[in-house]
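Chemist: The structure is given below, and queries will be raised subsequently.
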Amino acid sequence: RWLSPQQKINTTPTIMFGIKLIALAAAIHGPGSTALDVSAVGCHPAWVGGASYSEGDLVSRIKATKTVTTKILPCTSGTDCVDGKRMSKETKTVSRTSNYECIEPGWCGSSAYDPAGPFGSMAWEEKGGKCSGTAMATN
């Protein structure tokens, strides 16, 4: 679409404002960070299995994610060396703490519905991605 010179002038402040916000976010959070990596949110008290929770209660829980990478490496000898190649498996576990809100009070304290477990999303809703430190108390 063709824009008149006046229309082009009117869009410049909006574009510059967006660029300034991006630059400000980068300056605050440092190089290499992204919006998803920012951990300005404090962690609520840790989830306790068997405790009684009400709808809306907030907890934190560590969730570990394991990845296995298989590589084929060159080799010259050994029982695992076949045709000059061997397989190497690397396991990496990444842990991250997140906040969760209880959405099914009858299930929230059950270990079957651990917030970081396979059925946790049936009783808990993850809130805001990763957290660090301690959440500020709200009145």
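Simple scheme: letters A, B, ... for chains in structure tokens order, numbers from 1 for residues in each chain, numbers from 1 for ligands in the order shown.
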Set the distance at 6 Å and use only C-alpha atoms: which residues neighbour Lys85 of chain A once local chain neighbours fewer than 2 positions away are removed? I'd like the list as a count of residues only.
Modeler: 6
Chemist: Show me, as a list in words, the residues that have an atom within 9 Å of segment 55-66 of chain A when counting only C-alpha atoms, minus same-chain residues fewer than 3 positions from it.
Modeler: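 Surrounding residues, per the criterion: Cys43, His44, Pro45, Ala46, Trp47, Val48, Thr91, Lys92, Thr93, Val94, Ser95, Arg96, Thr97, Ser98, Asn99, Tyr100, Glu101, Cys102, Ile103, Glu104, Pro105, Gly106, Cys108, Asp114, Pro115, Ala116, Gly117, Lys127 and Cys131 of chain A.
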Chemist: Excluding Gly42 of chain A and any residue of its chain fewer than 2 positions from it, enumerate the residues within 7 Å of it, using only C-alpha atoms, and give them as an mmCIF file with all heavy atoms, in the first residue's frame.
Modeler:
data_model
loop_
_atom_site.group_PDB
_atom_site.id
_atom_site.type_symbol
_atom_site.label_atom_id
_atom_site.label_comp_id
_atom_site.auth_asym_id
_atom_site.auth_seq_id
_atom_site.Cartn_x
_atom_site.Cartn_y
_atom_site.Cartn_z
ATOM 1 N N ALA A 40 12.069 -12.586 36.812
ATOM 2 C CA ALA A 40 11.805 -11.529 37.780
ATOM 3 C C ALA A 40 10.698 -11.938 38.749
ATOM 4 O O ALA A 40 10.472 -11.272 39.730
ATOM 5 C CB ALA A 40 11.424 -10.253 37.041
ATOM 6 N N HIS A 44 6.677 -18.943 44.995
ATOM 7 C CA HIS A 44 5.792 -19.114 46.145
ATOM 8 C C HIS A 44 6.308 -20.278 46.984
ATOM 9 O O HIS A 44 7.220 -20.998 46.558
ATOM 10 C CB HIS A 44 4.358 -19.347 45.661
ATOM 11 C CG HIS A 44 3.765 -18.110 45.060
ATOM 12 N ND1 HIS A 44 3.237 -17.093 45.816
ATOM 13 C CD2 HIS A 44 3.649 -17.696 43.776
ATOM 14 C CE1 HIS A 44 2.824 -16.122 45.029
ATOM 15 N NE2 HIS A 44 3.062 -16.461 43.778
ATOM 16 N N CYS A 131 10.511 -19.196 37.957
ATOM 17 C CA CYS A 131 10.593 -18.221 39.030
ATOM 18 C C CYS A 131 11.917 -18.402 39.760
ATOM 19 O O CYS A 131 12.587 -19.411 39.609
ATOM 20 C CB CYS A 131 9.428 -18.376 39.992
ATOM 21 S SG CYS A 131 9.401 -19.959 40.882
ATOM 22 N N SER A 132 12.280 -17.409 40.559
ATOM 23 C CA SER A 132 13.481 -17.512 41.379
ATOM 24 C C SER A 132 13.304 -16.644 42.611
ATOM 25 O O SER A 132 12.488 -15.720 42.616
ATOM 26 C CB SER A 132 14.728 -17.077 40.602
ATOM 27 O OG SER A 132 14.656 -15.706 40.288
ATOM 28 N N GLY A 133 14.031 -16.983 43.660
ATOM 29 C CA GLY A 133 13.919 -16.204 44.887
ATOM 30 C C GLY A 133 12.591 -16.475 45.566
ATOM 31 O O GLY A 133 12.027 -17.550 45.448
ATOM 32 N N THR A 134 12.080 -15.487 46.297
ATOM 33 C CA THR A 134 10.842 -15.625 47.051
ATOM 34 C C THR A 134 9.831 -14.608 46.564
ATOM 35 O O THR A 134 10.154 -13.450 46.360
ATOM 36 C CB THR A 134 11.113 -15.390 48.554
ATOM 37 O OG1 THR A 134 12.123 -16.304 48.978
ATOM 38 C CG2 THR A 134 9.861 -15.595 49.390
ATOM 39 N N ALA A 135 8.595 -15.080 46.395
ATOM 40 C CA ALA A 135 7.527 -14.179 45.956
ATOM 41 C C ALA A 135 7.188 -13.205 47.066
ATOM 42 O O ALA A 135 7.246 -13.536 48.244
ATOM 43 C CB ALA A 135 6.285 -14.990 45.578
ATOM 44 N N MET A 136 6.841 -11.995 46.674
ATOM 45 C CA MET A 136 6.413 -10.991 47.651
ATOM 46 C C MET A 136 5.007 -11.345 48.120
ATOM 47 O O MET A 136 4.168 -11.761 47.342
ATOM 48 C CB MET A 136 6.415 -9.599 47.024
ATOM 49 C CG MET A 136 7.819 -9.113 46.718
ATOM 50 S SD MET A 136 7.912 -7.489 45.892
ATOM 51 C CE MET A 136 6.642 -6.550 46.629
#
